[in-house]
$ cat start_26.cif   # mmCIF, N, CA and C atoms
data_upload
#
loop_
_atom_site.label_atom_id
_atom_site.label_comp_id
_atom_site.auth_asym_id
_atom_site.auth_seq_id
_atom_site.Cartn_x
_atom_site.Cartn_y
_atom_site.Cartn_z
N GLN A 15 -2.77 20.50 3.05
CA GLN A 15 -2.75 19.30 2.22
C GLN A 15 -2.09 18.17 3.00
N VAL A 16 -2.67 16.99 2.90
CA VAL A 16 -2.15 15.83 3.62
C VAL A 16 -0.87 15.33 2.96
N GLN A 17 0.12 15.04 3.76
CA GLN A 17 1.36 14.46 3.28
C GLN A 17 1.38 12.98 3.63
N LEU A 18 1.75 12.14 2.66
CA LEU A 18 1.87 10.70 2.87
C LEU A 18 3.30 10.29 2.59
N VAL A 19 3.87 9.50 3.47
CA VAL A 19 5.25 9.05 3.32
C VAL A 19 5.30 7.54 3.48
N GLU A 20 5.71 6.84 2.43
CA GLU A 20 5.85 5.39 2.49
C GLU A 20 7.26 5.01 2.96
N SER A 21 7.35 3.84 3.55
CA SER A 21 8.64 3.29 3.96
C SER A 21 8.53 1.78 4.01
N GLY A 22 9.67 1.12 4.11
CA GLY A 22 9.68 -0.32 4.27
C GLY A 22 10.08 -1.09 3.04
N GLY A 23 10.21 -0.42 1.91
CA GLY A 23 10.64 -1.12 0.71
C GLY A 23 12.08 -1.61 0.84
N ASP A 24 12.37 -2.70 0.16
CA ASP A 24 13.70 -3.28 0.28
C ASP A 24 13.91 -4.30 -0.82
N LEU A 25 15.10 -4.86 -0.86
CA LEU A 25 15.44 -5.98 -1.71
C LEU A 25 15.25 -7.25 -0.90
N VAL A 26 14.45 -8.17 -1.42
CA VAL A 26 14.16 -9.40 -0.68
C VAL A 26 14.14 -10.57 -1.66
N GLN A 27 14.45 -11.75 -1.16
CA GLN A 27 14.42 -12.94 -2.00
C GLN A 27 12.98 -13.43 -2.17
N ALA A 28 12.76 -14.10 -3.27
CA ALA A 28 11.44 -14.70 -3.51
C ALA A 28 11.06 -15.60 -2.33
N GLY A 29 9.82 -15.51 -1.93
CA GLY A 29 9.34 -16.26 -0.78
C GLY A 29 9.42 -15.49 0.52
N GLY A 30 10.10 -14.37 0.51
CA GLY A 30 10.26 -13.56 1.71
C GLY A 30 9.07 -12.65 1.97
N SER A 31 9.21 -11.85 3.01
CA SER A 31 8.13 -10.96 3.43
C SER A 31 8.65 -9.54 3.64
N LEU A 32 7.76 -8.60 3.46
CA LEU A 32 8.04 -7.20 3.76
C LEU A 32 6.78 -6.56 4.33
N ARG A 33 6.98 -5.56 5.16
CA ARG A 33 5.85 -4.77 5.66
C ARG A 33 6.08 -3.32 5.28
N LEU A 34 5.22 -2.82 4.43
CA LEU A 34 5.29 -1.41 4.02
C LEU A 34 4.44 -0.58 4.98
N SER A 35 4.89 0.63 5.22
CA SER A 35 4.15 1.57 6.05
C SER A 35 3.89 2.85 5.28
N CYS A 36 2.81 3.49 5.62
CA CYS A 36 2.48 4.80 5.05
C CYS A 36 2.05 5.69 6.21
N THR A 37 2.79 6.74 6.43
CA THR A 37 2.51 7.66 7.53
C THR A 37 1.91 8.94 6.98
N ALA A 38 0.79 9.33 7.56
CA ALA A 38 0.10 10.55 7.12
C ALA A 38 0.37 11.69 8.09
N SER A 39 0.26 12.89 7.58
CA SER A 39 0.50 14.07 8.42
C SER A 39 -0.69 14.35 9.32
N GLY A 40 -1.81 13.66 9.11
CA GLY A 40 -2.97 13.80 9.96
C GLY A 40 -3.63 12.46 10.17
N ASN A 41 -4.60 12.40 11.08
CA ASN A 41 -5.28 11.13 11.36
C ASN A 41 -6.40 10.90 10.35
N ILE A 42 -6.03 10.61 9.15
CA ILE A 42 -7.00 10.57 8.06
C ILE A 42 -7.51 9.19 7.71
N PHE A 43 -6.81 8.17 8.16
CA PHE A 43 -7.13 6.84 7.66
C PHE A 43 -8.38 6.22 8.30
N MET A 44 -8.85 6.78 9.41
CA MET A 44 -10.03 6.19 10.03
C MET A 44 -11.31 6.57 9.30
N GLY A 45 -11.36 7.75 8.77
CA GLY A 45 -12.61 8.23 8.18
C GLY A 45 -12.63 8.28 6.67
N ASN A 46 -11.60 7.69 6.05
CA ASN A 46 -11.51 7.77 4.60
C ASN A 46 -11.03 6.45 4.01
N THR A 47 -11.31 6.26 2.76
CA THR A 47 -10.82 5.09 2.05
C THR A 47 -9.34 5.26 1.77
N MET A 48 -8.60 4.19 1.90
CA MET A 48 -7.17 4.22 1.63
C MET A 48 -6.80 3.01 0.80
N ALA A 49 -5.68 3.09 0.14
CA ALA A 49 -5.30 2.01 -0.76
C ALA A 49 -3.81 1.99 -1.02
N TRP A 50 -3.36 0.85 -1.47
CA TRP A 50 -2.00 0.67 -1.97
C TRP A 50 -2.07 0.39 -3.47
N PHE A 51 -1.17 1.02 -4.21
CA PHE A 51 -1.00 0.78 -5.63
C PHE A 51 0.46 0.44 -5.86
N ARG A 52 0.77 -0.07 -7.04
CA ARG A 52 2.16 -0.30 -7.40
C ARG A 52 2.36 -0.05 -8.88
N GLN A 53 3.59 0.24 -9.21
CA GLN A 53 3.94 0.49 -10.60
C GLN A 53 5.30 -0.10 -10.91
N ALA A 54 5.32 -1.02 -11.84
CA ALA A 54 6.56 -1.62 -12.30
C ALA A 54 7.06 -0.83 -13.50
N PRO A 55 8.36 -0.87 -13.77
CA PRO A 55 8.90 -0.14 -14.92
C PRO A 55 8.20 -0.53 -16.21
N GLY A 56 7.78 0.46 -16.98
CA GLY A 56 7.13 0.20 -18.25
C GLY A 56 5.68 -0.20 -18.14
N SER A 57 5.14 -0.21 -16.93
CA SER A 57 3.75 -0.62 -16.72
C SER A 57 2.94 0.51 -16.11
N GLN A 58 1.63 0.38 -16.22
CA GLN A 58 0.76 1.36 -15.58
C GLN A 58 0.66 1.08 -14.08
N ARG A 59 0.34 2.12 -13.34
CA ARG A 59 0.11 1.94 -11.91
C ARG A 59 -1.14 1.09 -11.72
N GLU A 60 -1.06 0.13 -10.83
CA GLU A 60 -2.17 -0.79 -10.62
C GLU A 60 -2.56 -0.89 -9.15
N PHE A 61 -3.83 -1.16 -8.95
CA PHE A 61 -4.37 -1.32 -7.61
C PHE A 61 -3.85 -2.61 -6.99
N VAL A 62 -3.53 -2.55 -5.71
CA VAL A 62 -3.07 -3.73 -4.98
C VAL A 62 -4.06 -4.09 -3.87
N ALA A 63 -4.39 -3.13 -3.02
CA ALA A 63 -5.27 -3.42 -1.88
C ALA A 63 -5.94 -2.13 -1.42
N GLY A 64 -7.15 -2.26 -0.88
CA GLY A 64 -7.87 -1.09 -0.39
C GLY A 64 -8.61 -1.40 0.89
N MET A 65 -8.79 -0.38 1.71
CA MET A 65 -9.61 -0.51 2.92
C MET A 65 -10.58 0.65 2.93
N TYR A 66 -11.86 0.34 3.11
CA TYR A 66 -12.89 1.35 3.06
C TYR A 66 -13.20 1.85 4.46
N VAL A 67 -14.02 2.89 4.51
CA VAL A 67 -14.31 3.53 5.78
C VAL A 67 -14.87 2.53 6.79
N ASN A 68 -15.67 1.59 6.33
CA ASN A 68 -16.28 0.61 7.24
C ASN A 68 -15.36 -0.55 7.58
N GLY A 69 -14.13 -0.49 7.10
CA GLY A 69 -13.17 -1.53 7.42
C GLY A 69 -13.12 -2.68 6.43
N VAL A 70 -14.02 -2.69 5.47
CA VAL A 70 -14.01 -3.75 4.46
C VAL A 70 -12.76 -3.59 3.60
N THR A 71 -12.14 -4.71 3.29
CA THR A 71 -10.92 -4.69 2.48
C THR A 71 -11.18 -5.33 1.11
N ASN A 72 -10.33 -4.95 0.18
CA ASN A 72 -10.42 -5.46 -1.18
C ASN A 72 -9.01 -5.63 -1.72
N TYR A 73 -8.79 -6.70 -2.47
CA TYR A 73 -7.45 -7.00 -2.96
C TYR A 73 -7.49 -7.33 -4.45
N ALA A 74 -6.42 -6.97 -5.12
CA ALA A 74 -6.23 -7.43 -6.48
C ALA A 74 -6.03 -8.95 -6.44
N ASP A 75 -6.38 -9.61 -7.51
CA ASP A 75 -6.22 -11.07 -7.54
C ASP A 75 -4.79 -11.48 -7.24
N SER A 76 -3.84 -10.68 -7.72
CA SER A 76 -2.43 -11.00 -7.53
C SER A 76 -2.00 -10.92 -6.06
N ALA A 77 -2.78 -10.21 -5.26
CA ALA A 77 -2.43 -9.99 -3.86
C ALA A 77 -3.22 -10.86 -2.89
N LYS A 78 -4.31 -11.41 -3.34
CA LYS A 78 -5.18 -12.19 -2.45
C LYS A 78 -4.44 -13.37 -1.85
N GLY A 79 -4.59 -13.51 -0.54
CA GLY A 79 -3.96 -14.62 0.16
C GLY A 79 -2.52 -14.39 0.54
N ARG A 80 -1.92 -13.33 0.01
CA ARG A 80 -0.51 -13.06 0.32
C ARG A 80 -0.30 -11.70 1.00
N PHE A 81 -1.12 -10.73 0.65
CA PHE A 81 -0.97 -9.36 1.17
C PHE A 81 -2.12 -9.04 2.11
N THR A 82 -1.82 -8.20 3.11
CA THR A 82 -2.85 -7.74 4.05
C THR A 82 -2.70 -6.25 4.27
N ILE A 83 -3.79 -5.51 4.08
CA ILE A 83 -3.79 -4.08 4.34
C ILE A 83 -4.38 -3.84 5.73
N SER A 84 -3.81 -2.88 6.45
CA SER A 84 -4.32 -2.58 7.78
C SER A 84 -3.99 -1.13 8.12
N ARG A 85 -4.49 -0.68 9.25
CA ARG A 85 -4.19 0.67 9.72
C ARG A 85 -4.07 0.63 11.23
N ASN A 86 -3.44 1.64 11.79
CA ASN A 86 -3.32 1.68 13.24
C ASN A 86 -4.55 2.36 13.85
N ARG A 87 -4.67 2.29 15.17
CA ARG A 87 -5.86 2.81 15.84
C ARG A 87 -5.94 4.33 15.75
N ALA A 88 -4.78 4.95 15.71
CA ALA A 88 -4.78 6.41 15.65
C ALA A 88 -5.23 6.93 14.30
N GLY A 89 -5.15 6.08 13.29
CA GLY A 89 -5.59 6.48 11.96
C GLY A 89 -4.59 7.30 11.19
N ASN A 90 -3.33 7.29 11.62
CA ASN A 90 -2.33 8.06 10.89
C ASN A 90 -1.29 7.18 10.21
N GLU A 91 -1.47 5.86 10.32
CA GLU A 91 -0.57 4.96 9.62
C GLU A 91 -1.36 3.83 8.99
N MET A 92 -0.92 3.43 7.82
CA MET A 92 -1.49 2.25 7.18
C MET A 92 -0.33 1.36 6.76
N TYR A 93 -0.65 0.10 6.59
CA TYR A 93 0.39 -0.89 6.35
C TYR A 93 -0.02 -1.82 5.21
N LEU A 94 0.99 -2.43 4.63
CA LEU A 94 0.76 -3.52 3.69
C LEU A 94 1.75 -4.63 4.04
N GLN A 95 1.23 -5.68 4.63
CA GLN A 95 2.03 -6.85 4.92
C GLN A 95 2.06 -7.72 3.69
N MET A 96 3.25 -8.00 3.20
CA MET A 96 3.39 -8.79 1.97
C MET A 96 4.18 -10.06 2.29
N ASN A 97 3.57 -11.19 2.07
CA ASN A 97 4.19 -12.48 2.29
C ASN A 97 4.32 -13.25 0.99
N SER A 98 5.15 -14.26 1.01
CA SER A 98 5.34 -15.11 -0.17
C SER A 98 5.61 -14.26 -1.42
N LEU A 99 6.53 -13.36 -1.29
CA LEU A 99 6.79 -12.43 -2.39
C LEU A 99 7.35 -13.15 -3.60
N LYS A 100 7.00 -12.62 -4.76
CA LYS A 100 7.42 -13.18 -6.03
C LYS A 100 8.17 -12.11 -6.83
N PRO A 101 9.02 -12.52 -7.76
CA PRO A 101 9.72 -11.52 -8.58
C PRO A 101 8.77 -10.56 -9.29
N GLU A 102 7.60 -11.02 -9.64
CA GLU A 102 6.64 -10.14 -10.32
C GLU A 102 6.00 -9.11 -9.39
N ASP A 103 6.29 -9.19 -8.10
CA ASP A 103 5.85 -8.15 -7.17
C ASP A 103 6.79 -6.95 -7.17
N THR A 104 7.90 -7.07 -7.88
CA THR A 104 8.85 -5.97 -7.95
C THR A 104 8.19 -4.74 -8.56
N ALA A 105 8.24 -3.64 -7.82
CA ALA A 105 7.58 -2.40 -8.26
C ALA A 105 7.83 -1.30 -7.23
N THR A 106 7.45 -0.10 -7.61
CA THR A 106 7.37 0.98 -6.63
C THR A 106 5.95 0.97 -6.07
N TYR A 107 5.85 0.95 -4.76
CA TYR A 107 4.55 0.87 -4.09
C TYR A 107 4.16 2.24 -3.55
N TYR A 108 2.92 2.62 -3.80
CA TYR A 108 2.41 3.93 -3.41
C TYR A 108 1.19 3.76 -2.52
N CYS A 109 1.09 4.59 -1.50
CA CYS A 109 -0.15 4.64 -0.74
C CYS A 109 -0.98 5.82 -1.22
N LYS A 110 -2.28 5.68 -1.07
CA LYS A 110 -3.22 6.68 -1.56
C LYS A 110 -4.33 6.85 -0.53
N ALA A 111 -4.67 8.08 -0.26
CA ALA A 111 -5.81 8.39 0.59
C ALA A 111 -6.85 9.10 -0.26
N ILE A 112 -8.06 8.58 -0.22
CA ILE A 112 -9.15 9.17 -0.99
C ILE A 112 -9.96 10.06 -0.05
N LEU A 113 -9.78 11.36 -0.22
CA LEU A 113 -10.31 12.33 0.71
C LEU A 113 -11.43 13.12 0.07
N PRO A 114 -12.31 13.69 0.88
CA PRO A 114 -13.44 14.46 0.31
C PRO A 114 -13.00 15.63 -0.56
N TYR A 115 -11.83 16.17 -0.27
CA TYR A 115 -11.36 17.35 -0.99
C TYR A 115 -10.29 17.02 -2.01
N GLY A 116 -10.09 15.75 -2.27
CA GLY A 116 -9.08 15.36 -3.25
C GLY A 116 -8.21 14.23 -2.75
N ASP A 117 -7.67 13.47 -3.69
CA ASP A 117 -6.84 12.33 -3.33
C ASP A 117 -5.42 12.78 -3.03
N SER A 118 -4.76 12.02 -2.17
CA SER A 118 -3.36 12.27 -1.86
C SER A 118 -2.55 11.01 -2.11
N TRP A 119 -1.37 11.17 -2.65
CA TRP A 119 -0.45 10.07 -2.93
C TRP A 119 0.86 10.29 -2.19
N GLY A 120 1.48 9.19 -1.82
CA GLY A 120 2.84 9.26 -1.31
C GLY A 120 3.82 9.26 -2.47
N GLN A 121 5.11 9.31 -2.11
CA GLN A 121 6.15 9.39 -3.14
C GLN A 121 6.61 8.01 -3.61
N GLY A 122 6.20 6.98 -2.89
CA GLY A 122 6.54 5.61 -3.29
C GLY A 122 7.72 5.03 -2.54
N THR A 123 7.72 3.71 -2.44
CA THR A 123 8.84 2.98 -1.85
C THR A 123 9.12 1.77 -2.74
N GLN A 124 10.38 1.50 -2.99
CA GLN A 124 10.76 0.47 -3.95
C GLN A 124 10.83 -0.90 -3.29
N VAL A 125 10.17 -1.86 -3.93
CA VAL A 125 10.24 -3.26 -3.52
C VAL A 125 10.85 -4.04 -4.68
N THR A 126 11.92 -4.75 -4.38
CA THR A 126 12.57 -5.58 -5.39
C THR A 126 12.66 -7.00 -4.86
N VAL A 127 12.13 -7.93 -5.63
CA VAL A 127 12.12 -9.34 -5.24
C VAL A 127 13.01 -10.11 -6.20
N SER A 128 14.05 -10.70 -5.67
CA SER A 128 14.99 -11.45 -6.50
C SER A 128 14.59 -12.93 -6.55
N SER A 129 14.88 -13.54 -7.66
CA SER A 129 14.52 -14.97 -7.83
C SER A 129 15.61 -15.88 -7.35
#

$ encode --input "start_26.cif" --output "structure tokens"
Amino acid sequence: QVQLVESGGDLVQAGGSLRLSCTASGNIFMGNTMAWFRQAPGSQREFVAGMYVNGVTNYADSAKGRFTISRNRAGNEMYLQMNSLKPEDTATYYCKAILPYGDSWGQGTQVTVSS
């Protein structure tokens, strides 16, 4: 089973930037769809950004123009560059790999944006 580990979450002021990373136990990100989700307290988990096998990316409206999803050449790390952060971006961020044999989730990393 693939293991995903997120990192990079932190406390940051509004307007600041963070780069989240997701490290996989295998080189899975090149041949599979991957995505970032987030969940704020009391809210459902929501889609933030996705990258498909062909490299096409997709973003939630709240993330467009501010967030960028990417992966490394080896295919074992994915990233979420977050700029112009807002207090409403505060949430636990999860990476997800959509695999032929089942989806895998990381444990999450906390992002807190202060006003």

$ atom_distance --input "start_26.cif" --atom1 "atom CA of A:Gly79" --atom2 "atom CA of A:Ser118"
27.0 Å

$ resolve_selection --input "start_26.cif" --expression "the PyMOL selection byres ((chain A and resi 42-53) around 5)" --output "number ranges by chain"
A: 40-41, 54-55, 58-67, 89-90, 105-112

$ atom_distance --input "start_26.cif" --atom1 "atom CA of A:Gly116" --atom2 "atom CA of A:Asp103"
28.1 Å

$ atom_distance --input "start_26.cif" --atom1 "atom CA of A:Asn97" --atom2 "atom N of A:Trp119"
24.8 Å

$ resolve_selection --input "start_26.cif" --expression "the PyMOL selection byres ((chain A and resi 99) around 6.5)" --output "PyMOL selection string"
chain A and resi 27-31+96-98+100-103+127

$ decode --input "start_26.cif" --residues "stretch 18-114 of chain A" --atoms "C-alpha atoms" --output "PDB file, in the first residue's frame"
ATOM      1  CA  LEU A  18       1.670   9.509   1.574  1.00  0.00           C
ATOM      2  CA  VAL A  19       3.182  12.011   3.992  1.00  0.00           C
ATOM      3  CA  GLU A  20       2.380  15.727   3.839  1.00  0.00           C
ATOM      4  CA  SER A  21       4.598  18.457   5.238  1.00  0.00           C
ATOM      5  CA  GLY A  22       5.017  22.202   5.078  1.00  0.00           C
ATOM      6  CA  GLY A  23       1.989  23.356   7.004  1.00  0.00           C
ATOM      7  CA  ASP A  24       2.527  26.295   9.312  1.00  0.00           C
ATOM      8  CA  LEU A  25       1.106  29.437  10.855  1.00  0.00           C
ATOM      9  CA  VAL A  26       1.380  32.331   8.421  1.00  0.00           C
ATOM     10  CA  GLN A  27       0.009  35.848   8.176  1.00  0.00           C
ATOM     11  CA  ALA A  28      -2.575  36.778   5.590  1.00  0.00           C
ATOM     12  CA  GLY A  29      -0.885  37.601   2.307  1.00  0.00           C
ATOM     13  CA  GLY A  30       1.937  35.174   2.956  1.00  0.00           C
ATOM     14  CA  SER A  31       2.967  32.022   1.136  1.00  0.00           C
ATOM     15  CA  LEU A  32       3.494  28.373   1.946  1.00  0.00           C
ATOM     16  CA  ARG A  33       4.645  25.370  -0.037  1.00  0.00           C
ATOM     17  CA  LEU A  34       3.148  22.052   0.948  1.00  0.00           C
ATOM     18  CA  SER A  35       4.835  18.804   0.005  1.00  0.00           C
ATOM     19  CA  CYS A  36       3.520  15.276  -0.258  1.00  0.00           C
ATOM     20  CA  THR A  37       6.039  12.449  -0.349  1.00  0.00           C
ATOM     21  CA  ALA A  38       4.994   9.019  -1.578  1.00  0.00           C
ATOM     22  CA  SER A  39       6.583   5.704  -0.746  1.00  0.00           C
ATOM     23  CA  GLY A  40       6.768   4.953  -4.475  1.00  0.00           C
ATOM     24  CA  ASN A  41       7.069   6.829  -7.757  1.00  0.00           C
ATOM     25  CA  ILE A  42       3.338   7.011  -8.255  1.00  0.00           C
ATOM     26  CA  PHE A  43       2.675  10.576  -9.232  1.00  0.00           C
ATOM     27  CA  MET A  44       3.809  10.323 -12.847  1.00  0.00           C
ATOM     28  CA  GLY A  45       1.297   7.713 -13.936  1.00  0.00           C
ATOM     29  CA  ASN A  46      -1.677   8.586 -11.784  1.00  0.00           C
ATOM     30  CA  THR A  47      -3.985  11.446 -10.972  1.00  0.00           C
ATOM     31  CA  MET A  48      -3.134  13.296  -7.797  1.00  0.00           C
ATOM     32  CA  ALA A  49      -4.850  16.023  -5.863  1.00  0.00           C
ATOM     33  CA  TRP A  50      -4.889  18.256  -2.838  1.00  0.00           C
ATOM     34  CA  PHE A  51      -7.940  18.555  -0.587  1.00  0.00           C
ATOM     35  CA  ARG A  52      -8.537  20.530   2.576  1.00  0.00           C
ATOM     36  CA  GLN A  53     -10.838  20.367   5.531  1.00  0.00           C
ATOM     37  CA  ALA A  54     -11.629  23.183   7.921  1.00  0.00           C
ATOM     38  CA  PRO A  55     -13.132  22.493  11.354  1.00  0.00           C
ATOM     39  CA  GLY A  56     -16.843  21.801  11.061  1.00  0.00           C
ATOM     40  CA  SER A  57     -16.679  21.604   7.275  1.00  0.00           C
ATOM     41  CA  GLN A  58     -16.547  18.838   4.722  1.00  0.00           C
ATOM     42  CA  ARG A  59     -13.321  17.969   2.977  1.00  0.00           C
ATOM     43  CA  GLU A  60     -13.113  19.919  -0.261  1.00  0.00           C
ATOM     44  CA  PHE A  61     -11.128  19.715  -3.454  1.00  0.00           C
ATOM     45  CA  VAL A  62      -8.371  22.294  -3.888  1.00  0.00           C
ATOM     46  CA  ALA A  63      -6.251  21.282  -6.887  1.00  0.00           C
ATOM     47  CA  GLY A  64      -5.630  18.282  -9.121  1.00  0.00           C
ATOM     48  CA  MET A  65      -3.127  17.126 -11.708  1.00  0.00           C
ATOM     49  CA  TYR A  66      -4.040  14.436 -14.191  1.00  0.00           C
ATOM     50  CA  VAL A  67      -1.858  11.847 -15.852  1.00  0.00           C
ATOM     51  CA  ASN A  68      -1.395  14.062 -18.930  1.00  0.00           C
ATOM     52  CA  GLY A  69      -0.268  16.969 -16.785  1.00  0.00           C
ATOM     53  CA  VAL A  70      -3.469  18.971 -17.070  1.00  0.00           C
ATOM     54  CA  THR A  71      -4.287  20.794 -13.851  1.00  0.00           C
ATOM     55  CA  ASN A  72      -7.570  21.802 -12.291  1.00  0.00           C
ATOM     56  CA  TYR A  73      -8.277  24.163  -9.413  1.00  0.00           C
ATOM     57  CA  ALA A  74     -11.152  25.041  -7.164  1.00  0.00           C
ATOM     58  CA  ASP A  75     -12.378  28.573  -7.755  1.00  0.00           C
ATOM     59  CA  SER A  76     -11.011  29.554  -4.354  1.00  0.00           C
ATOM     60  CA  ALA A  77      -7.526  28.445  -5.405  1.00  0.00           C
ATOM     61  CA  LYS A  78      -7.344  29.757  -8.961  1.00  0.00           C
ATOM     62  CA  GLY A  79      -4.634  32.337  -9.470  1.00  0.00           C
ATOM     63  CA  ARG A  80      -3.150  31.775  -6.025  1.00  0.00           C
ATOM     64  CA  PHE A  81      -2.272  28.070  -5.747  1.00  0.00           C
ATOM     65  CA  THR A  82      -0.155  25.890  -8.029  1.00  0.00           C
ATOM     66  CA  ILE A  83       0.030  22.105  -7.991  1.00  0.00           C
ATOM     67  CA  SER A  84       3.151  20.392  -9.300  1.00  0.00           C
ATOM     68  CA  ARG A  85       5.220  17.240  -9.009  1.00  0.00           C
ATOM     69  CA  ASN A  86       8.888  16.382  -9.225  1.00  0.00           C
ATOM     70  CA  ARG A  87      10.483  14.508 -12.128  1.00  0.00           C
ATOM     71  CA  ALA A  88      10.930  11.350 -10.128  1.00  0.00           C
ATOM     72  CA  GLY A  89       7.207  11.197  -9.502  1.00  0.00           C
ATOM     73  CA  ASN A  90       7.473  10.607  -5.779  1.00  0.00           C
ATOM     74  CA  GLU A  91       6.711  14.119  -4.585  1.00  0.00           C
ATOM     75  CA  MET A  92       3.926  16.551  -5.255  1.00  0.00           C
ATOM     76  CA  TYR A  93       3.603  20.118  -4.122  1.00  0.00           C
ATOM     77  CA  LEU A  94       1.080  22.838  -3.534  1.00  0.00           C
ATOM     78  CA  GLN A  95       2.461  26.347  -3.746  1.00  0.00           C
ATOM     79  CA  MET A  96       0.067  28.687  -1.984  1.00  0.00           C
ATOM     80  CA  ASN A  97       0.401  32.443  -2.379  1.00  0.00           C
ATOM     81  CA  SER A  98      -1.664  35.378  -1.172  1.00  0.00           C
ATOM     82  CA  LEU A  99      -3.034  33.275   1.642  1.00  0.00           C
ATOM     83  CA  LYS A 100      -6.260  34.295   3.314  1.00  0.00           C
ATOM     84  CA  PRO A 101      -7.702  33.427   6.739  1.00  0.00           C
ATOM     85  CA  GLU A 102     -10.328  31.323   4.984  1.00  0.00           C
ATOM     86  CA  ASP A 103      -7.538  29.073   3.674  1.00  0.00           C
ATOM     87  CA  THR A 104      -7.052  27.831   7.227  1.00  0.00           C
ATOM     88  CA  ALA A 105      -7.552  24.064   7.164  1.00  0.00           C
ATOM     89  CA  THR A 106      -5.877  20.707   7.294  1.00  0.00           C
ATOM     90  CA  TYR A 107      -4.524  19.948   3.833  1.00  0.00           C
ATOM     91  CA  TYR A 108      -4.441  16.394   2.500  1.00  0.00           C
ATOM     92  CA  CYS A 109      -2.821  14.911  -0.558  1.00  0.00           C
ATOM     93  CA  LYS A 110      -4.536  12.136  -2.456  1.00  0.00           C
ATOM     94  CA  ALA A 111      -3.337   9.699  -5.082  1.00  0.00           C
ATOM     95  CA  ILE A 112      -5.951   8.089  -7.291  1.00  0.00           C
ATOM     96  CA  LEU A 113      -4.570   4.672  -8.085  1.00  0.00           C
ATOM     97  CA  PRO A 114      -5.905   1.778 -10.161  1.00  0.00           C
TER      98      PRO A 114
END
